[in-house]
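Asks: Sharing a structure, written as structure tokens. Questions coming.
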Amino acid sequence: MIEVVPVPLPGRAYEVRIGAGLIEDAGAQIAPLLRRPRVAVVSDETVAAHWLPVLQQALKAQGIESTALTLPAGEATKGWPQFTRTVEWLLEQKIERRDVVIALGGGVIGDLVGFAAAVLRRGVRFVQVPTSLLAQVDSSVGGKTGINAPQGKNLIGAFHQPSLVLADIGVLDTLTPRDFRAGMGEVVKYGMLGDSEFFQWLEAHGSSVVAGDRAARSHAVRRSVEMKAEIVLRDETEQGDRALLNLGHTFCHALEAATGYSDRLLHGEGVAIGCALAFALSARLGLCPQEDPSRVRALIRDLGMRCDLSDIPGDLPGAEALLDLMGQDKKVVDGQLRFILARGIGDSFVTSDVPRDTVLELLREELDRR
Ligand code: GLY
């Protein structure tokens, strides 16, 4: 069964289609968008090895010719050199303004290809075929595209909405357990930030999602995408509410920087740890019920995810240094750190009004527990 979540942005409306087998059916799904039967596909080596032939066969079955570029897998791809290569390759392939580019991969490929599509001939359409859980529930939806700069992650980019998102949940079966659980960091984030019923659903059914139950996975992806779509509709360019999607991210970005963006800590793992810290900070400031941080941690732990600073292997810098790393986050406004805190599970808000000493005290205690 295919579930459809509409993203009805005026003039740029599109659908997120969720279901098993969507890559095998991609030709039929994408054909109505095309003005000529020809597309360019960009993927990475890991994803392409498994899914590129399936996608190209599905396109061919509908008479759609495709040409493909395969980039190296990994975060290092998301910079100027591979971006330039992609844009120039698309020009060599004579991709025209009315054509469609397909991004087949996780967040790195989706962000890079979306940005290439945004600037190629001042903007061509693109289709996201996200192949990680994180990309399905977060990065493929909402039009944030871009690459990393030496000065930081995602500092170069554009808002460019896809024309279609095909979230094939069958692909999730091929992820490593660690990658799947990292993606769950973004899924639980949605319940914590804005939907206490979804949080309760995850408490009851999250283990089925992790275990591979298709119906449970479909529900988890759909509800996450619905929530993301609702927020993007309210605030496409992050003037306000869209920042709520960054629950846990102020801590996460500091931890990612402290671990060198290496596989010591995957982004979704940092989000889960960051959410636990955001609730601990909210309780410490008297903003949310004192039992909420334990409930948040229990869910994260029950789903087998990393939850504490002690779950990060190797050394971490001290509390002051971590706070300094938070100060380099994109979300700093006028030098003020912005946090997403919570009045309760499912009720988050954005604030710059957090005493530095309280954050330091929390970080010190968490680091001492390592
Ligand atoms: N990943 C956060 C956002 O799309 O706004």
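By convention in this document, the chains of the structure tokens carry letters A, B, ... by their order, each chain's residues are numbered from 1, and ligands are numbered from 1 in the order they are shown.
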Taking a cut-off of 10 Å and counting only C-alpha atoms and all ligand atoms, can you build a table that, for each residue of chain A near ligand 1, reports the nearest atom pair and how far apart they are in Å (one decimal), sorted by chain then residue number, as JSON lines?
Replies:
{"residue": "A:Gly107", "atom": "CA", "partner": "ligand 1", "partner_atom_place_in_ligand_line": "1 (N)", "distance": 10.0}
{"residue": "A:Leu134", "atom": "CA", "partner": "ligand 1", "partner_atom_place_in_ligand_line": "1 (N)", "distance": 9.5}
{"residue": "A:Ala135", "atom": "CA", "partner": "ligand 1", "partner_atom_place_in_ligand_line": "1 (N)", "distance": 9.3}
{"residue": "A:Val137", "atom": "CA", "partner": "ligand 1", "partner_atom_place_in_ligand_line": "1 (N)", "distance": 9.2}
{"residue": "A:Asp138", "atom": "CA", "partner": "ligand 1", "partner_atom_place_in_ligand_line": "1 (N)", "distance": 5.6}
{"residue": "A:Ser139", "atom": "CA", "partner": "ligand 1", "partner_atom_place_in_ligand_line": "1 (N)", "distance": 5.6}
{"residue": "A:Ser140", "atom": "CA", "partner": "ligand 1", "partner_atom_place_in_ligand_line": "4 (O)", "distance": 8.3}
{"residue": "A:Val141", "atom": "CA", "partner": "ligand 1", "partner_atom_place_in_ligand_line": "4 (O)", "distance": 7.1}
{"residue": "A:Gly142", "atom": "CA", "partner": "ligand 1", "partner_atom_place_in_ligand_line": "4 (O)", "distance": 5.7}
{"residue": "A:Gly143", "atom": "CA", "partner": "ligand 1", "partner_atom_place_in_ligand_line": "4 (O)", "distance": 7.3}
{"residue": "A:Lys144", "atom": "CA", "partner": "ligand 1", "partner_atom_place_in_ligand_line": "4 (O)", "distance": 5.8}
{"residue": "A:Thr145", "atom": "CA", "partner": "ligand 1", "partner_atom_place_in_ligand_line": "4 (O)", "distance": 9.1}
{"residue": "A:Phe159", "atom": "CA", "partner": "ligand 1", "partner_atom_place_in_ligand_line": "4 (O)", "distance": 9.9}
{"residue": "A:Glu186", "atom": "CA", "partner": "ligand 1", "partner_atom_place_in_ligand_line": "1 (N)", "distance": 8.9}
{"residue": "A:Lys228", "atom": "CA", "partner": "ligand 1", "partner_atom_place_in_ligand_line": "4 (O)", "distance": 7.7}
{"residue": "A:Ala229", "atom": "CA", "partner": "ligand 1", "partner_atom_place_in_ligand_line": "4 (O)", "distance": 9.6}
{"residue": "A:Ile231", "atom": "CA", "partner": "ligand 1", "partner_atom_place_in_ligand_line": "5 (O)", "distance": 8.6}
{"residue": "A:Val232", "atom": "CA", "partner": "ligand 1", "partner_atom_place_in_ligand_line": "5 (O)", "distance": 7.5}
{"residue": "A:Asp235", "atom": "CA", "partner": "ligand 1", "partner_atom_place_in_ligand_line": "5 (O)", "distance": 9.3}
{"residue": "A:Glu236", "atom": "CA", "partner": "ligand 1", "partner_atom_place_in_ligand_line": "5 (O)", "distance": 8.2}
{"residue": "A:Thr237", "atom": "CA", "partner": "ligand 1", "partner_atom_place_in_ligand_line": "5 (O)", "distance": 8.3}
{"residue": "A:Glu238", "atom": "CA", "partner": "ligand 1", "partner_atom_place_in_ligand_line": "5 (O)", "distance": 6.9}
{"residue": "A:Asp241", "atom": "CA", "partner": "ligand 1", "partner_atom_place_in_ligand_line": "5 (O)", "distance": 9.3}
{"residue": "A:Arg242", "atom": "CA", "partner": "ligand 1", "partner_atom_place_in_ligand_line": "5 (O)", "distance": 5.5}
{"residue": "A:Ala243", "atom": "CA", "partner": "ligand 1", "partner_atom_place_in_ligand_line": "5 (O)", "distance": 6.4}
{"residue": "A:Leu244", "atom": "CA", "partner": "ligand 1", "partner_atom_place_in_ligand_line": "5 (O)", "distance": 8.0}
{"residue": "A:Leu245", "atom": "CA", "partner": "ligand 1", "partner_atom_place_in_ligand_line": "2 (C)", "distance": 5.2}
{"residue": "A:Asn246", "atom": "CA", "partner": "ligand 1", "partner_atom_place_in_ligand_line": "2 (C)", "distance": 5.9}
{"residue": "A:Leu247", "atom": "CA", "partner": "ligand 1", "partner_atom_place_in_ligand_line": "2 (C)", "distance": 9.3}
{"residue": "A:His249", "atom": "CA", "partner": "ligand 1", "partner_atom_place_in_ligand_line": "2 (C)", "distance": 9.2}
Asks: Quick one: DSSP helix (DSSP H, G or I) residues in segment 145-296 of chain A, as a PyMOL selection string?
Replies: chain A and resi 169-174+177-194+196-211+214-234+241-246+249-258+267-284+292-296
Asks: Might you pull out every residue within 8 Å of Arg264 of chain A, with only C-alpha atoms counted and same-chain residues fewer than 4 positions away left off, and present them as a list in words?
Replies: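 Listing them by chain and then by number gives Thr259, Ile312, Pro313 and Gly314 of chain A.
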Asks: Taking only C-alpha atoms into account, name the residue in A:Gly185, A:Gly74, A:Gly114, A:Gly318 that is nearest to Arg297 of chain A.
Replies: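 Smallest distance to Arg297 of chain A is found for A:Gly185.
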Asks: List the neighbours of Asp111 of chain A out to 12 Å using only C-alpha atoms; skip same-chain residues closer than 6 positions along the sequence, and give me the result as number ranges by chain.
Replies: A: 42-43, 75, 77-79, 83, 102-105, 117-118, 126-130, 135, 138-148, 153-162
Asks: Considering only C-alpha atoms, return as an MDAnalysis selection string whatever protein or nucleic-acid residues lie within 12 Å of Leu33 of chain A, sequence-local ones (same chain, fewer than 2 positions apart) excluded.
Replies: chainID A and resid 14:15 26:31 35:39 64 98:102 125:127 162:164
Asks: Any chance you could export the current selection's N, CA, C and O atoms as an mmCIF file, in the first residue's frame?
Replies:
data_model
loop_
_atom_site.group_PDB
_atom_site.id
_atom_site.type_symbol
_atom_site.label_atom_id
_atom_site.label_comp_id
_atom_site.auth_asym_id
_atom_site.auth_seq_id
_atom_site.Cartn_x
_atom_site.Cartn_y
_atom_site.Cartn_z
ATOM 1 N N TYR A 14 3.929 19.309 -3.863
ATOM 2 C CA TYR A 14 4.407 17.984 -4.252
ATOM 3 C C TYR A 14 3.912 16.951 -3.268
ATOM 4 O O TYR A 14 3.303 17.298 -2.241
ATOM 5 N N GLU A 15 4.149 15.696 -3.615
ATOM 6 C CA GLU A 15 3.716 14.604 -2.745
ATOM 7 C C GLU A 15 4.916 13.828 -2.234
ATOM 8 O O GLU A 15 5.902 13.652 -2.953
ATOM 9 N N ALA A 26 9.315 3.091 -9.878
ATOM 10 C CA ALA A 26 9.684 4.508 -10.027
ATOM 11 C C ALA A 26 9.346 5.059 -11.418
ATOM 12 O O ALA A 26 8.986 6.231 -11.547
ATOM 13 N N GLY A 27 9.462 4.229 -12.454
ATOM 14 C CA GLY A 27 9.166 4.720 -13.809
ATOM 15 C C GLY A 27 7.747 5.259 -13.888
ATOM 16 O O GLY A 27 7.509 6.383 -14.355
ATOM 17 N N ALA A 28 6.801 4.462 -13.408
ATOM 18 C CA ALA A 28 5.385 4.882 -13.463
ATOM 19 C C ALA A 28 5.136 6.084 -12.555
ATOM 20 O O ALA A 28 4.335 6.964 -12.873
ATOM 21 N N GLN A 29 5.851 6.122 -11.407
ATOM 22 C CA GLN A 29 5.651 7.227 -10.464
ATOM 23 C C GLN A 29 6.160 8.553 -11.035
ATOM 24 O O GLN A 29 5.564 9.607 -10.829
ATOM 25 N N ILE A 30 7.294 8.469 -11.754
ATOM 26 C CA ILE A 30 7.969 9.695 -12.205
ATOM 27 C C ILE A 30 7.480 10.147 -13.596
ATOM 28 O O ILE A 30 7.488 11.342 -13.902
ATOM 29 N N ALA A 31 7.029 9.194 -14.423
ATOM 30 C CA ALA A 31 6.673 9.508 -15.822
ATOM 31 C C ALA A 31 5.770 10.745 -15.967
ATOM 32 O O ALA A 31 6.011 11.587 -16.849
ATOM 33 N N ARG A 35 8.740 15.833 -19.387
ATOM 34 C CA ARG A 35 8.307 16.429 -20.667
ATOM 35 C C ARG A 35 9.009 15.746 -21.825
ATOM 36 O O ARG A 35 8.659 15.933 -22.968
ATOM 37 N N ARG A 36 10.067 14.996 -21.515
ATOM 38 C CA ARG A 36 10.656 14.085 -22.510
ATOM 39 C C ARG A 36 11.145 12.860 -21.720
ATOM 40 O O ARG A 36 11.483 12.983 -20.521
ATOM 41 N N PRO A 37 11.210 11.683 -22.337
ATOM 42 C CA PRO A 37 11.483 10.454 -21.581
ATOM 43 C C PRO A 37 12.972 10.263 -21.287
ATOM 44 O O PRO A 37 13.593 9.299 -21.740
ATOM 45 N N ARG A 38 13.557 11.176 -20.507
ATOM 46 C CA ARG A 38 14.993 11.120 -20.246
ATOM 47 C C ARG A 38 15.256 11.779 -18.893
ATOM 48 O O ARG A 38 14.763 12.886 -18.638
ATOM 49 N N VAL A 39 16.015 11.094 -18.025
ATOM 50 C CA VAL A 39 16.354 11.681 -16.725
ATOM 51 C C VAL A 39 17.829 11.442 -16.420
ATOM 52 O O VAL A 39 18.458 10.543 -16.984
ATOM 53 N N ILE A 64 11.693 5.229 -20.270
ATOM 54 C CA ILE A 64 12.450 6.424 -19.867
ATOM 55 C C ILE A 64 13.939 6.088 -19.886
ATOM 56 O O ILE A 64 14.402 5.186 -19.185
ATOM 57 N N ARG A 98 13.714 22.025 -18.396
ATOM 58 C CA ARG A 98 12.424 21.322 -18.201
ATOM 59 C C ARG A 98 12.638 19.862 -17.773
ATOM 60 O O ARG A 98 11.675 19.138 -17.554
ATOM 61 N N ASP A 99 13.883 19.431 -17.670
ATOM 62 C CA ASP A 99 14.162 18.034 -17.312
ATOM 63 C C ASP A 99 14.082 17.817 -15.802
ATOM 64 O O ASP A 99 13.931 18.765 -15.028
ATOM 65 N N VAL A 100 14.234 16.550 -15.416
ATOM 66 C CA VAL A 100 14.154 16.165 -14.005
ATOM 67 C C VAL A 100 15.429 15.404 -13.640
ATOM 68 O O VAL A 100 15.880 14.536 -14.384
ATOM 69 N N VAL A 101 15.982 15.753 -12.479
ATOM 70 C CA VAL A 101 17.156 15.057 -11.944
ATOM 71 C C VAL A 101 16.677 14.206 -10.769
ATOM 72 O O VAL A 101 15.827 14.651 -9.984
ATOM 73 N N ILE A 102 17.205 12.997 -10.656
ATOM 74 C CA ILE A 102 16.798 12.111 -9.554
ATOM 75 C C ILE A 102 17.952 11.956 -8.576
ATOM 76 O O ILE A 102 19.077 11.625 -8.971
ATOM 77 N N ARG A 125 13.899 20.825 -11.979
ATOM 78 C CA ARG A 125 13.139 20.028 -11.010
ATOM 79 C C ARG A 125 13.951 18.796 -10.586
ATOM 80 O O ARG A 125 14.799 18.318 -11.342
ATOM 81 N N PHE A 126 13.679 18.326 -9.387
ATOM 82 C CA PHE A 126 14.358 17.100 -8.965
ATOM 83 C C PHE A 126 13.422 16.241 -8.129
ATOM 84 O O PHE A 126 12.449 16.728 -7.541
ATOM 85 N N VAL A 127 13.716 14.925 -8.155
ATOM 86 C CA VAL A 127 12.932 13.945 -7.399
ATOM 87 C C VAL A 127 13.849 13.322 -6.359
ATOM 88 O O VAL A 127 14.976 12.939 -6.672
ATOM 89 N N PRO A 162 11.672 19.591 -3.755
ATOM 90 C CA PRO A 162 11.605 18.547 -4.784
ATOM 91 C C PRO A 162 10.232 18.575 -5.461
ATOM 92 O O PRO A 162 9.297 19.186 -4.951
ATOM 93 N N SER A 163 10.133 17.889 -6.601
ATOM 94 C CA SER A 163 8.834 17.778 -7.277
ATOM 95 C C SER A 163 8.096 16.528 -6.842
ATOM 96 O O SER A 163 6.905 16.367 -7.121
ATOM 97 N N LEU A 164 8.808 15.612 -6.213
ATOM 98 C CA LEU A 164 8.230 14.352 -5.745
ATOM 99 C C LEU A 164 9.245 13.694 -4.814
ATOM 100 O O LEU A 164 10.453 13.813 -5.034
#
Asks: Write out as a CSV table (one decimal) with all heavy atoms, in the first residue's frame all residues of segment 74-173 of chain A that backbone DSSP assigns to strand (DSSP E).
Replies:
chain,number,residue,atom,x,y,z
A,100,VAL,N,14.2,16.6,-15.4
A,100,VAL,CA,14.2,16.2,-14.0
A,100,VAL,C,15.4,15.4,-13.6
A,100,VAL,O,15.9,14.5,-14.4
A,100,VAL,CB,12.9,15.3,-13.8
A,100,VAL,CG1,13.0,14.6,-12.4
A,100,VAL,CG2,11.6,16.1,-13.9
A,101,VAL,N,16.0,15.8,-12.5
A,101,VAL,CA,17.2,15.1,-11.9
A,101,VAL,C,16.7,14.2,-10.8
A,101,VAL,O,15.8,14.7,-10.0
A,101,VAL,CB,18.2,16.1,-11.5
A,101,VAL,CG1,19.4,15.4,-10.9
A,101,VAL,CG2,18.6,17.0,-12.6
A,102,ILE,N,17.2,13.0,-10.7
A,102,ILE,CA,16.8,12.1,-9.6
A,102,ILE,C,18.0,12.0,-8.6
A,102,ILE,O,19.1,11.6,-9.0
A,102,ILE,CB,16.4,10.7,-10.1
A,102,ILE,CG1,15.2,10.9,-11.1
A,102,ILE,CG2,16.0,9.8,-8.9
A,102,ILE,CD1,14.7,9.6,-11.7
A,103,ALA,N,17.7,12.2,-7.3
A,103,ALA,CA,18.7,12.0,-6.2
A,103,ALA,C,18.3,10.6,-5.6
A,103,ALA,O,17.3,10.5,-4.9
A,103,ALA,CB,18.6,13.1,-5.2
A,104,LEU,N,19.2,9.7,-5.8
A,104,LEU,CA,19.0,8.3,-5.2
A,104,LEU,C,20.1,8.1,-4.1
A,104,LEU,O,21.2,7.9,-4.4
A,104,LEU,CB,19.2,7.3,-6.3
A,104,LEU,CG,19.2,5.8,-5.9
A,104,LEU,CD1,17.8,5.4,-5.4
A,104,LEU,CD2,19.7,4.9,-7.0
A,105,GLY,N,19.7,8.2,-2.9
A,105,GLY,CA,20.6,8.0,-1.8
A,105,GLY,C,20.1,8.6,-0.5
A,105,GLY,O,19.0,8.9,-0.3
A,125,ARG,N,13.9,20.8,-12.0
A,125,ARG,CA,13.1,20.0,-11.0
A,125,ARG,C,14.0,18.8,-10.6
A,125,ARG,O,14.8,18.3,-11.3
A,125,ARG,CB,11.8,19.6,-11.6
A,125,ARG,CG,10.8,20.8,-11.8
A,125,ARG,CD,9.7,20.4,-12.7
A,125,ARG,NE,10.1,19.9,-14.0
A,125,ARG,CZ,9.4,19.0,-14.7
A,125,ARG,NH1,8.3,18.5,-14.2
A,125,ARG,NH2,9.9,18.6,-15.8
A,126,PHE,N,13.7,18.3,-9.4
A,126,PHE,CA,14.4,17.1,-9.0
A,126,PHE,C,13.4,16.2,-8.1
A,126,PHE,O,12.4,16.7,-7.5
A,126,PHE,CB,15.7,17.4,-8.2
A,126,PHE,CG,15.6,17.8,-6.8
A,126,PHE,CD1,16.1,17.0,-5.8
A,126,PHE,CD2,15.0,19.0,-6.4
A,126,PHE,CE1,16.0,17.4,-4.5
A,126,PHE,CE2,14.9,19.4,-5.1
A,126,PHE,CZ,15.4,18.6,-4.1
A,127,VAL,N,13.7,14.9,-8.2
A,127,VAL,CA,12.9,13.9,-7.4
A,127,VAL,C,13.8,13.3,-6.4
A,127,VAL,O,15.0,12.9,-6.7
A,127,VAL,CB,12.4,12.8,-8.4
A,127,VAL,CG1,11.7,11.7,-7.6
A,127,VAL,CG2,11.4,13.4,-9.3
A,128,GLN,N,13.4,13.3,-5.1
A,128,GLN,CA,14.1,12.6,-4.1
A,128,GLN,C,13.7,11.2,-4.0
A,128,GLN,O,12.5,10.9,-3.8
A,128,GLN,CB,13.9,13.3,-2.7
A,128,GLN,CG,14.4,14.7,-2.6
A,128,GLN,CD,15.8,14.7,-2.0
A,128,GLN,OE1,16.5,13.8,-2.0
A,128,GLN,NE2,16.1,15.9,-1.4
A,129,VAL,N,14.7,10.3,-4.0
A,129,VAL,CA,14.5,8.9,-3.7
A,129,VAL,C,15.3,8.5,-2.5
A,129,VAL,O,16.5,8.0,-2.7
A,129,VAL,CB,14.7,7.9,-4.9
A,129,VAL,CG1,14.4,6.5,-4.6
A,129,VAL,CG2,14.0,8.4,-6.1
A,130,PRO,N,14.9,8.9,-1.3
A,130,PRO,CA,15.7,8.7,-0.1
A,130,PRO,C,15.9,7.3,0.3
A,130,PRO,O,14.9,6.5,0.4
A,130,PRO,CB,15.0,9.5,1.0
A,130,PRO,CG,13.5,9.5,0.5
A,130,PRO,CD,13.6,9.4,-1.0
A,144,LYS,N,15.4,21.9,2.0
A,144,LYS,CA,16.7,22.4,2.4
A,144,LYS,C,17.7,21.6,1.6
A,144,LYS,O,17.8,20.4,1.7
A,144,LYS,CB,16.9,22.2,3.9
A,144,LYS,CG,16.4,23.3,4.8
A,144,LYS,CD,16.9,23.2,6.2
A,144,LYS,CE,16.3,24.2,7.1
A,144,LYS,NZ,16.7,24.0,8.5
A,145,THR,N,18.5,22.3,0.8
A,145,THR,CA,19.5,21.7,0.0
A,145,THR,C,20.9,22.4,0.3
A,145,THR,O,20.9,23.5,0.7
A,145,THR,CB,19.2,21.8,-1.5
A,145,THR,OG1,19.5,23.1,-1.9
A,145,THR,CG2,17.8,21.3,-1.8
A,146,GLY,N,22.0,21.7,0.1
A,146,GLY,CA,23.2,22.4,0.3
A,146,GLY,C,24.4,21.5,0.5
A,146,GLY,O,24.3,20.2,0.4
A,147,ILE,N,25.6,22.1,0.7
A,147,ILE,CA,26.8,21.4,0.9
A,147,ILE,C,27.5,22.0,2.1
A,147,ILE,O,27.1,23.0,2.6
A,147,ILE,CB,27.7,21.4,-0.3
A,147,ILE,CG1,28.0,22.9,-0.7
A,147,ILE,CG2,27.1,20.6,-1.5
A,147,ILE,CD1,29.0,23.0,-1.9
A,148,ASN,N,28.6,21.3,2.6
A,148,ASN,CA,29.4,21.8,3.7
A,148,ASN,C,30.5,22.7,3.2
A,148,ASN,O,31.0,22.6,2.1
A,148,ASN,CB,30.0,20.6,4.5
A,148,ASN,CG,28.9,19.6,4.9
A,148,ASN,OD1,27.8,20.0,5.2
A,148,ASN,ND2,29.3,18.3,5.0
A,149,ALA,N,30.9,23.6,4.1
A,149,ALA,CA,32.0,24.5,3.9
A,149,ALA,C,33.1,24.1,4.9
A,149,ALA,O,32.8,23.5,5.9
A,149,ALA,CB,31.6,26.0,4.1
A,152,GLY,N,32.0,25.0,8.3
A,152,GLY,CA,30.9,24.3,9.0
A,152,GLY,C,30.0,23.6,8.1
A,152,GLY,O,30.0,23.7,6.8
A,153,LYS,N,29.1,22.8,8.7
A,153,LYS,CA,28.2,21.9,7.9
A,153,LYS,C,27.0,22.7,7.3
A,153,LYS,O,26.5,23.6,8.0
A,153,LYS,CB,27.6,20.8,8.8
A,153,LYS,CG,28.6,19.6,8.9
A,153,LYS,CD,28.0,18.5,9.7
A,153,LYS,CE,27.0,17.7,9.0
A,153,LYS,NZ,26.5,16.5,9.7
A,154,ASN,N,26.6,22.4,6.1
A,154,ASN,CA,25.4,23.0,5.5
A,154,ASN,C,25.4,24.5,5.4
A,154,ASN,O,24.4,25.2,5.5
A,154,ASN,CB,24.1,22.6,6.3
A,154,ASN,CG,23.9,21.1,6.2
A,154,ASN,OD1,24.2,20.4,5.2
A,154,ASN,ND2,23.5,20.5,7.3
A,155,LEU,N,26.6,25.1,5.3
A,155,LEU,CA,26.6,26.6,5.3
A,155,LEU,C,26.4,27.2,3.9
A,155,LEU,O,26.3,28.4,3.8
A,155,LEU,CB,28.0,27.1,5.9
A,155,LEU,CG,28.2,26.8,7.4
A,155,LEU,CD1,29.5,27.3,7.9
A,155,LEU,CD2,27.0,27.4,8.2
A,156,ILE,N,26.4,26.3,2.9
A,156,ILE,CA,26.2,26.8,1.5
A,156,ILE,C,25.0,26.1,1.0
A,156,ILE,O,25.0,24.8,1.0
A,156,ILE,CB,27.4,26.5,0.6
A,156,ILE,CG1,28.7,27.1,1.2
A,156,ILE,CG2,27.2,26.9,-0.8
A,156,ILE,CD1,30.0,26.3,0.8
A,157,GLY,N,24.0,26.8,0.5
A,157,GLY,CA,22.8,26.0,0.0
A,157,GLY,C,21.7,26.9,-0.4
A,157,GLY,O,21.8,28.2,-0.5
A,158,ALA,N,20.5,26.3,-0.7
A,158,ALA,CA,19.4,27.0,-1.2
A,158,ALA,C,18.1,26.3,-0.7
A,158,ALA,O,18.2,25.1,-0.5
A,158,ALA,CB,19.4,27.1,-2.7
A,159,PHE,N,17.0,27.0,-0.6
A,159,PHE,CA,15.7,26.3,-0.5
A,159,PHE,C,15.3,25.9,-1.9
A,159,PHE,O,15.1,26.8,-2.7
A,159,PHE,CB,14.7,27.2,0.2
A,159,PHE,CG,15.0,27.3,1.7
A,159,PHE,CD1,15.6,28.5,2.2
A,159,PHE,CD2,14.6,26.4,2.6
A,159,PHE,CE1,15.9,28.6,3.6
A,159,PHE,CE2,14.8,26.5,4.0
A,159,PHE,CZ,15.4,27.6,4.4
A,164,LEU,N,8.8,15.6,-6.2
A,164,LEU,CA,8.2,14.4,-5.7
A,164,LEU,C,9.2,13.7,-4.8
A,164,LEU,O,10.5,13.8,-5.0
A,164,LEU,CB,8.0,13.4,-7.0
A,164,LEU,CG,7.5,12.0,-6.7
A,164,LEU,CD1,6.0,12.1,-6.1
A,164,LEU,CD2,7.4,11.2,-8.0
A,165,VAL,N,8.7,13.0,-3.8
A,165,VAL,CA,9.6,12.2,-2.9
A,165,VAL,C,9.1,10.8,-2.9
A,165,VAL,O,7.9,10.6,-2.6
A,165,VAL,CB,9.7,12.8,-1.5
A,165,VAL,CG1,10.6,11.9,-0.6
A,165,VAL,CG2,10.1,14.2,-1.4
A,166,LEU,N,9.9,9.8,-3.2
A,166,LEU,CA,9.5,8.4,-3.2
A,166,LEU,C,10.3,7.7,-2.1
A,166,LEU,O,11.5,7.5,-2.2
A,166,LEU,CB,9.9,7.7,-4.5
A,166,LEU,CG,9.2,8.3,-5.8
A,166,LEU,CD1,9.7,7.5,-7.0
A,166,LEU,CD2,7.6,8.1,-5.7
A,167,ALA,N,9.6,7.5,-0.9
A,167,ALA,CA,10.2,6.9,0.2
A,167,ALA,C,9.8,5.4,0.2
A,167,ALA,O,8.8,5.0,0.7
A,167,ALA,CB,9.7,7.6,1.5
A,168,ASP,N,10.8,4.6,-0.3
A,168,ASP,CA,10.5,3.2,-0.4
A,168,ASP,C,10.9,2.5,0.9
A,168,ASP,O,12.1,2.4,1.2
A,168,ASP,CB,11.3,2.6,-1.6
A,168,ASP,CG,11.1,1.2,-1.9
A,168,ASP,OD1,10.6,0.5,-0.9
A,168,ASP,OD2,11.3,0.7,-3.0
Asks: Nearest to Leu367 of chain A: which of A:Ile2, A:Leu337, A:Leu316, A:Ala254 is it, counting only C-alpha atoms?
Replies: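 Smallest separation from Leu367 of chain A among the options: A:Leu316.
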Asks: Taking only C-alpha atoms into account, which of A:Glu65, A:Lys94, A:Met305, A:Ala76 comes nearest Tyr261 of chain A?
Replies: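 Residue with the minimum atom-to-atom distance to Tyr261 of chain A: A:Ala76.
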Asks: Provide the atom CA of Leu55 of chain A to atom CA of Ala211 of chain A distance in Å, to one decimal place.
Replies: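 Value for the atom CA of Leu55 of chain A-atom CA of Ala211 of chain A distance: 26.2 Å.
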Asks: Find the residues around Gln57 of chain A up to 10 Å (only C-alpha atoms counted), leave out those fewer than 3 positions away in its own chain, and share them as number ranges by chain.
Replies: A: 23-27, 51-54, 60-66
Asks: Identify, on the basis of only C-alpha atoms, every residue whose closest approach to Arg343 of chain A does not exceed 12 Å; exclude the query and any residue fewer than 4 positions from it along the same chain; express the result as a list in words.
Replies: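 Surrounding residues, per the criterion: Met192, Leu193, Gly194, Ser196, Ala278, Phe279, Ala280, Leu281, Ser282, Ala283, Arg284, Leu285, Gly286, Leu287, Cys288, Pro289, Gln290, Glu291, Asp292, Pro293, Asp347, Ser348, Phe349, Val350 and Thr351 of chain A.
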Asks: So, with only C-alpha atoms as the atoms that count, which of A:Ser262, A:Gln136, A:Thr86, A:Thr358 lies closest to Val187 of chain A?
Replies: A:Gln136
Asks: Select, from A:Val225, A:Val354, A:Met184, A:Ala58, the residue with the minimum atom-to-atom distance to Val4 of chain A, counting only C-alpha atoms.
Replies: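 Counting only C-alpha atoms, the residue closest to Val4 of chain A is A:Val225.
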Asks: Go ahead and compute the interatomic distance for atom CA of Pro177 of chain A and atom CA of Thr46 of chain A, in Å to one decimal.
Replies: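 Separation between atom CA of Pro177 of chain A and atom CA of Thr46 of chain A: 16.0 Å.
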